[in-house]
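Q: This is model_4.cif (mmCIF, C-alpha atoms).
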data_start
#
loop_
_atom_site.label_atom_id
_atom_site.label_comp_id
_atom_site.auth_asym_id
_atom_site.auth_seq_id
_atom_site.Cartn_x
_atom_site.Cartn_y
_atom_site.Cartn_z
CA MET V 32 92.84 79.84 65.20
CA ARG V 33 92.59 80.78 68.86
CA ILE V 34 89.43 81.88 70.64
CA GLY V 35 89.48 84.24 73.62
CA ILE V 36 86.60 84.70 76.03
CA ASP V 37 86.30 87.68 78.39
CA LEU V 38 83.85 86.55 81.07
CA GLY V 39 82.65 89.69 82.80
CA GLY V 40 79.91 90.42 85.28
CA THR V 41 77.69 92.16 82.72
CA LYS V 42 78.89 90.88 79.34
CA ILE V 43 80.73 87.97 77.76
CA GLU V 44 82.89 88.82 74.77
CA ALA V 45 84.35 86.25 72.38
CA LEU V 46 87.14 86.93 69.89
CA ALA V 47 88.83 84.75 67.27
CA LEU V 48 92.44 85.47 66.31
CA GLY V 49 94.52 84.03 63.50
CA ASP V 50 98.08 82.86 64.04
CA ASP V 51 99.29 86.31 63.04
CA GLY V 52 97.10 88.03 65.66
CA ARG V 53 94.60 89.24 63.07
CA GLU V 54 91.01 89.45 64.28
CA LEU V 55 88.77 86.95 62.50
CA GLY V 56 85.51 87.54 64.35
CA ARG V 57 83.98 88.97 67.51
CA HIS V 58 80.71 88.65 69.39
CA ARG V 59 79.43 90.15 72.65
CA VAL V 60 76.35 89.10 74.63
CA PRO V 61 74.94 89.83 78.11
CA THR V 62 76.17 87.61 80.93
CA PRO V 63 73.52 85.28 82.38
CA ARG V 64 74.06 86.51 85.91
CA ASP V 65 73.74 84.06 88.79
CA ASP V 66 73.31 81.20 86.28
CA TYR V 67 76.33 78.90 86.13
CA GLU V 68 74.90 76.43 83.64
CA GLY V 69 73.69 79.33 81.52
CA THR V 70 77.20 80.78 81.56
CA LEU V 71 78.67 77.50 80.28
CA GLN V 72 76.10 77.32 77.50
CA THR V 73 76.60 80.95 76.50
CA ILE V 74 80.35 80.42 76.11
CA ALA V 75 79.75 77.25 74.10
CA ASP V 76 77.32 79.11 71.82
CA LEU V 77 79.81 81.95 71.27
CA CYS V 78 82.57 79.50 70.34
CA ALA V 79 80.22 77.72 67.92
CA ARG V 80 79.28 81.03 66.27
CA LEU V 81 82.92 81.97 65.75
CA GLU V 82 83.82 78.55 64.39
CA GLN V 83 80.86 78.58 62.04
CA ARG V 84 81.79 82.06 60.84
CA THR V 85 85.45 81.23 60.22
CA GLY V 86 85.14 77.59 59.20
CA GLN V 87 87.93 76.75 61.65
CA ARG V 88 88.17 75.00 65.01
CA GLY V 89 90.05 76.91 67.70
CA SER V 90 91.79 76.64 71.03
CA VAL V 91 89.91 78.36 73.87
CA GLY V 92 91.25 80.63 76.61
CA VAL V 93 89.04 82.38 79.14
CA GLY V 94 89.70 85.46 81.26
CA ILE V 95 87.72 85.52 84.51
CA PRO V 96 87.31 88.07 87.34
CA GLY V 97 88.94 85.69 89.82
CA THR V 98 91.38 82.80 89.79
CA VAL V 99 91.53 79.02 90.07
CA SER V 100 92.72 77.62 93.38
CA SER V 101 95.80 75.43 92.98
CA ARG V 102 94.64 73.49 96.05
CA THR V 103 91.07 72.68 95.00
CA GLY V 104 90.96 73.37 91.26
CA LEU V 105 87.88 75.53 91.86
CA VAL V 106 87.31 79.20 91.06
CA LYS V 107 87.88 81.62 93.95
CA ASN V 108 87.92 85.39 94.52
CA ALA V 109 85.51 86.04 91.63
CA ASN V 110 83.21 89.02 92.00
CA SER V 111 80.89 87.12 89.65
CA VAL V 112 80.06 85.05 92.69
CA TRP V 113 78.17 82.27 90.89
CA LEU V 114 81.55 81.09 89.51
CA ASN V 115 83.12 80.61 92.94
CA GLY V 116 83.56 77.03 94.08
CA ARG V 117 83.04 75.69 90.56
CA PRO V 118 85.45 73.67 88.35
CA LEU V 119 84.95 76.08 85.48
CA ASP V 120 87.85 74.93 83.31
CA ARG V 121 86.84 71.27 83.59
CA ASP V 122 83.18 72.00 82.94
CA LEU V 123 83.99 74.10 79.88
CA ALA V 124 86.36 71.41 78.59
CA ARG V 125 83.50 68.91 78.88
CA VAL V 126 81.03 71.18 77.09
CA LEU V 127 83.46 72.20 74.34
CA GLY V 128 85.20 68.87 73.87
CA ARG V 129 88.70 70.30 74.23
CA PRO V 130 91.01 71.56 76.99
CA VAL V 131 90.37 75.13 78.16
CA ARG V 132 92.80 77.50 79.87
CA LEU V 133 91.62 80.04 82.43
CA ALA V 134 93.43 83.11 83.75
CA ASN V 135 92.60 86.17 85.79
CA ASP V 136 91.42 89.03 83.58
CA ALA V 137 94.31 91.26 84.65
CA ASN V 138 96.78 88.51 83.78
CA CYS V 139 95.09 88.37 80.37
CA LEU V 140 95.76 92.10 79.98
CA ALA V 141 99.44 91.48 80.74
CA VAL V 142 99.63 88.55 78.30
CA SER V 143 97.90 90.53 75.56
CA GLU V 144 100.18 93.53 75.86
CA ALA V 145 103.27 91.32 76.08
CA SER V 146 102.22 89.36 73.00
CA ASP V 147 101.45 92.12 70.52
CA GLY V 148 100.75 95.29 72.46
CA ALA V 149 102.48 98.06 74.38
CA ALA V 150 105.03 95.61 75.87
CA SER V 151 105.50 93.40 72.82
CA GLY V 152 108.54 91.15 73.15
CA GLU V 153 109.41 92.21 76.71
CA ALA V 154 110.29 89.47 79.18
CA VAL V 155 108.56 90.73 82.36
CA VAL V 156 105.41 92.83 82.11
CA PHE V 157 103.29 94.27 84.93
CA ALA V 158 99.82 95.37 83.88
CA ALA V 159 97.33 97.20 86.10
CA ILE V 160 93.62 97.72 85.47
CA LEU V 161 92.60 101.09 86.91
CA GLY V 162 88.84 100.99 86.51
CA THR V 163 85.89 100.71 88.85
CA GLY V 164 88.22 98.53 90.92
CA THR V 165 91.93 97.85 90.67
CA GLY V 166 93.46 94.61 89.48
CA ALA V 167 96.87 93.72 88.16
CA GLY V 168 98.68 90.86 86.50
CA VAL V 169 102.15 89.73 85.54
CA ALA V 170 103.34 88.14 82.32
CA MET V 171 106.74 86.44 82.07
CA GLY V 172 107.90 85.38 78.64
CA GLY V 173 104.39 86.07 77.37
CA ARG V 174 102.84 83.68 79.90
CA PRO V 175 100.70 84.63 82.90
CA HIS V 176 102.49 84.37 86.24
CA VAL V 177 99.79 82.92 88.49
CA GLY V 178 101.87 82.01 91.54
CA ARG V 179 101.66 79.17 94.04
CA ASN V 180 98.52 80.56 95.70
CA GLY V 181 96.91 81.85 92.53
CA VAL V 182 97.25 85.49 93.55
CA GLY V 183 100.29 86.59 91.56
CA GLY V 184 99.89 90.27 90.71
CA GLU V 185 97.08 90.95 93.23
CA TRP V 186 98.48 94.41 93.72
CA GLY V 187 95.18 96.18 94.41
CA HIS V 188 94.77 94.51 97.80
CA ASN V 189 98.10 95.60 99.19
CA PRO V 190 98.15 98.75 101.30
CA LEU V 191 98.99 102.16 99.91
CA PRO V 192 102.67 102.60 100.89
CA TRP V 193 104.25 105.55 102.70
CA THR V 194 100.91 106.87 103.87
CA THR V 195 100.46 110.36 105.23
CA PRO V 196 98.48 111.00 108.43
CA GLU V 197 95.43 112.04 106.40
CA GLU V 198 95.57 108.74 104.50
CA THR V 199 95.61 106.61 107.64
CA PRO V 200 93.88 104.19 108.23
CA GLY V 201 92.36 104.66 104.78
CA PRO V 202 88.96 103.89 103.27
CA GLU V 203 87.26 100.57 103.92
CA CYS V 204 87.71 98.01 101.15
CA TYR V 205 85.22 95.30 100.20
CA CYS V 206 87.88 92.69 101.02
CA GLY V 207 87.48 93.55 104.72
CA LYS V 208 90.68 95.58 105.13
CA ARG V 209 91.29 99.31 105.04
CA GLY V 210 93.57 101.42 102.88
CA CYS V 211 93.99 98.96 100.01
CA LEU V 212 95.47 100.45 96.85
CA GLU V 213 92.15 99.74 95.15
CA THR V 214 90.46 102.32 97.37
CA TRP V 215 92.94 104.99 96.24
CA VAL V 216 94.02 104.33 92.62
CA SER V 217 90.85 102.90 91.08
CA GLY V 218 88.65 105.24 89.08
CA THR V 219 86.26 105.07 92.01
CA GLY V 220 89.04 106.12 94.39
CA PHE V 221 89.85 109.08 92.14
CA GLU V 222 86.19 110.18 92.18
CA ASN V 223 85.94 109.70 95.95
CA ASP V 224 89.01 111.84 96.58
CA TYR V 225 87.57 114.70 94.52
CA ALA V 226 84.26 114.39 96.39
CA ARG V 227 86.06 114.53 99.76
CA LEU V 228 87.91 117.65 98.65
CA THR V 229 85.00 119.53 97.04
CA GLY V 230 81.78 117.97 98.32
CA THR V 231 80.80 117.34 94.67
CA ARG V 232 80.77 113.90 93.01
CA LEU V 233 81.72 113.79 89.34
CA PRO V 234 82.69 111.01 86.92
CA GLY V 235 86.43 110.47 86.56
CA PRO V 236 86.67 111.74 82.95
CA ASP V 237 84.98 114.99 83.98
CA ILE V 238 87.45 115.49 86.83
CA ALA V 239 90.37 114.82 84.46
CA ALA V 240 88.94 117.34 81.97
CA ARG V 241 88.59 119.95 84.72
CA ALA V 242 92.19 119.31 85.76
CA GLU V 243 93.33 119.83 82.17
CA ALA V 244 91.39 123.09 82.14
CA GLY V 245 93.19 124.21 85.30
CA GLU V 246 90.50 123.92 87.98
CA PRO V 247 92.55 123.98 91.22
CA SER V 248 90.61 121.25 93.06
CA ALA V 249 90.75 118.92 90.05
CA VAL V 250 94.46 119.63 89.54
CA MET V 251 95.13 118.80 93.20
CA THR V 252 93.07 115.60 92.97
CA LEU V 253 94.94 114.44 89.87
CA GLN V 254 98.34 115.25 91.40
CA ARG V 255 97.47 113.32 94.56
CA TYR V 256 96.23 110.41 92.46
CA ALA V 257 99.45 110.33 90.43
CA ASP V 258 101.56 110.43 93.60
CA ARG V 259 99.61 107.52 95.12
CA LEU V 260 99.84 105.54 91.90
CA ALA V 261 103.59 106.18 91.78
CA ARG V 262 103.97 104.98 95.38
CA GLY V 263 102.10 101.79 94.56
CA LEU V 264 104.10 101.17 91.40
CA ALA V 265 107.37 101.86 93.24
CA HIS V 266 106.70 98.77 95.36
CA VAL V 267 106.21 96.76 92.19
CA ILE V 268 109.52 98.00 90.78
CA ASP V 269 111.35 97.31 94.05
CA ILE V 270 110.04 93.72 94.17
CA LEU V 271 109.59 92.67 90.53
CA ASP V 272 111.49 95.32 88.53
CA PRO V 273 109.45 94.69 85.36
CA ASP V 274 110.65 95.68 81.91
CA VAL V 275 107.43 97.60 81.23
CA ILE V 276 104.40 98.76 83.23
CA VAL V 277 101.17 98.86 81.24
CA LEU V 278 98.03 100.64 82.43
CA GLY V 279 94.49 99.69 81.42
CA GLY V 280 91.00 100.64 82.57
CA GLY V 281 89.35 104.03 82.47
CA MET V 282 92.09 105.92 84.33
CA SER V 283 94.66 104.76 81.79
CA ASN V 284 93.08 107.22 79.35
CA VAL V 285 94.23 110.23 81.44
CA ALA V 286 97.17 111.40 79.34
CA ALA V 287 98.73 113.49 82.12
CA LEU V 288 99.52 110.35 84.14
CA TYR V 289 102.26 109.35 81.69
CA ARG V 290 104.08 112.55 82.61
CA LEU V 291 103.19 112.82 86.31
CA VAL V 292 103.84 109.22 87.38
CA PRO V 293 107.33 108.86 85.84
CA GLU V 294 108.25 112.20 87.45
CA GLN V 295 107.28 110.84 90.88
CA LEU V 296 108.72 107.31 90.64
CA PRO V 297 112.38 108.16 91.42
CA ARG V 298 111.26 109.73 94.71
CA TRP V 299 109.95 106.36 95.92
CA VAL V 300 111.97 103.62 94.16
CA PHE V 301 114.99 102.33 96.06
CA GLY V 302 118.16 103.99 94.73
CA GLY V 303 116.27 106.85 93.10
CA GLU V 304 116.95 105.69 89.52
CA VAL V 305 114.04 104.58 87.34
CA ASP V 306 113.86 104.06 83.60
CA THR V 307 110.88 101.71 83.61
CA PRO V 308 108.46 102.86 80.88
CA VAL V 309 104.83 103.36 81.91
CA ARG V 310 102.53 102.97 78.90
CA PRO V 311 98.81 102.80 78.13
CA ALA V 312 97.50 99.46 76.90
CA LEU V 313 97.74 99.42 73.11
CA HIS V 314 94.58 97.36 72.67
CA GLY V 315 92.49 99.28 75.20
CA ASP V 316 89.27 97.56 76.22
CA SER V 317 90.01 94.66 73.83
CA SER V 318 93.22 93.70 75.57
CA GLY V 319 91.63 91.28 78.05
CA VAL V 320 89.84 89.19 75.44
CA ARG V 321 92.94 89.19 73.23
CA GLY V 322 95.05 88.02 76.17
CA ALA V 323 92.61 85.17 76.81
CA ALA V 324 93.11 84.06 73.21
CA TRP V 325 96.89 84.26 73.62
CA LEU V 326 96.80 81.82 76.59
CA TRP V 327 97.43 79.25 73.87
CA ARG V 328 100.61 80.04 71.95
CA PRO V 329 101.24 79.21 68.28
CA GLY V 330 102.15 75.57 67.76
CA GLU V 331 100.81 74.30 71.08
CA ALA V 332 98.76 71.10 70.91
CA TRP V 333 95.25 71.61 72.22
CA GLU V 334 92.99 69.35 70.15
CA ALA V 335 90.92 66.77 72.02
CA THR V 336 88.13 64.47 71.00
CA SER V 337 84.62 65.58 71.88
CA GLY V 338 83.63 64.30 75.31
#
Here is a file; write its structure as structure tokens.
A:
Amino acid sequence: MRIGIDLGGTKIEALALGDDGRELGRHRVPTPRDDYEGTLQTIADLCARLEQRTGQRGSVGVGIPGTVSSRTGLVKNANSVWLNGRPLDRDLARVLGRPVRLANDANCLAVSEASDGAASGEAVVFAAILGTGTGAGVAMGGRPHVGRNGVGGEWGHNPLPWTTPEETPGPECYCGKRGCLETWVSGTGFENDYARLTGTRLPGPDIAARAEAGEPSAVMTLQRYADRLARGLAHVIDILDPDVIVLGGGMSNVAALYRLVPEQLPRWVFGGEVDTPVRPALHGDSSGVRGAAWLWRPGEAWEATSG
């Protein structure tokens, strides 16, 4: 059995998978915000509940909204700021009495979809989360590609390419720069663009529904969004040339994107030829927690004595 933990800013979800990928149990509880020790204990309690329910002991993988520094071994870049500067994997290993693997939540999405999702069996998978913010991850051979600096796949904090005059210098980003892809292709960026165009702020699903109904301002907003997303993904194809691109997060539910983005990609990709499939995440909101579970592959040794 393998246990996956999705450690979010508002909730912690735990999932147990069998060797065949079948779900054996799931629990979700509120995150003890700003409480590091409480976070450790909550994860330990969730693992204990799953093991009691299944009668099995499991490996543990955790998806976090940040990464572990290869230089210090401490969490960095987490928007759940109470995790930053902490040896989370070592502390969880101590509490749980077994080794624990951590990965960025977007990398977990990529691993999940490469393991048994929309990119099952593909060698190189790029997965983007298009939600309140924008994150992305890379899986190679079903494993997360973290990179030397722990920022492999940090696509959302690259600039929007081939900007027009009206897009320059771009909106301010929380990272301190301007014009990051996150400010354009997140769900928030989609809503902001509609508000700039119309003076009215609406939730992303409502804008998408209005576009489907033919409202001119919503149609224009969606077309501009798709073009910006295609420009951002063209850079990924030019550098990584993945076998599949998988989209997650709220914007991945906009069906029109799977027509509009592939239509735009050849305009921006070097050479003008693109057959890279762009697909929605098969497991939807569950993909991150499933990917955390898949950080341990079948047959890998993980058992350790309680410490």
Q: Measure the distance from atom CA of V:Val250 to atom CA of V:Gly281 in Å and round it to one decimal.
A: 17.9 Å
Q: Quick one, how far is atom CA of V:Leu253 from atom CA of V:Tyr289?
A: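 Spanning atom CA of V:Leu253 to atom CA of V:Tyr289 is a straight-line distance of 12.1 Å.
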Q: Rank nothing, just name the residue among V:Arg132, V:Val99, V:Ile43, V:Arg64 nearest to V:Ala323, using only C-alpha atoms.
A: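 Of all the options, V:Arg132 lies closest to V:Ala323.
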Q: Restricting the calculation to all atoms listed in the file, which member of V:Thr163, V:Ser101, V:Thr199, V:Gln254 is positioned closest to V:Gly235?
A: V:Thr163
Q: So which residues get picked by the PyMOL selection byres ((chain V and resi 228-230) around 12) here, written as a PyMOL selection string?
A: chain V and resi 221-227+231-233+238+246-253+255
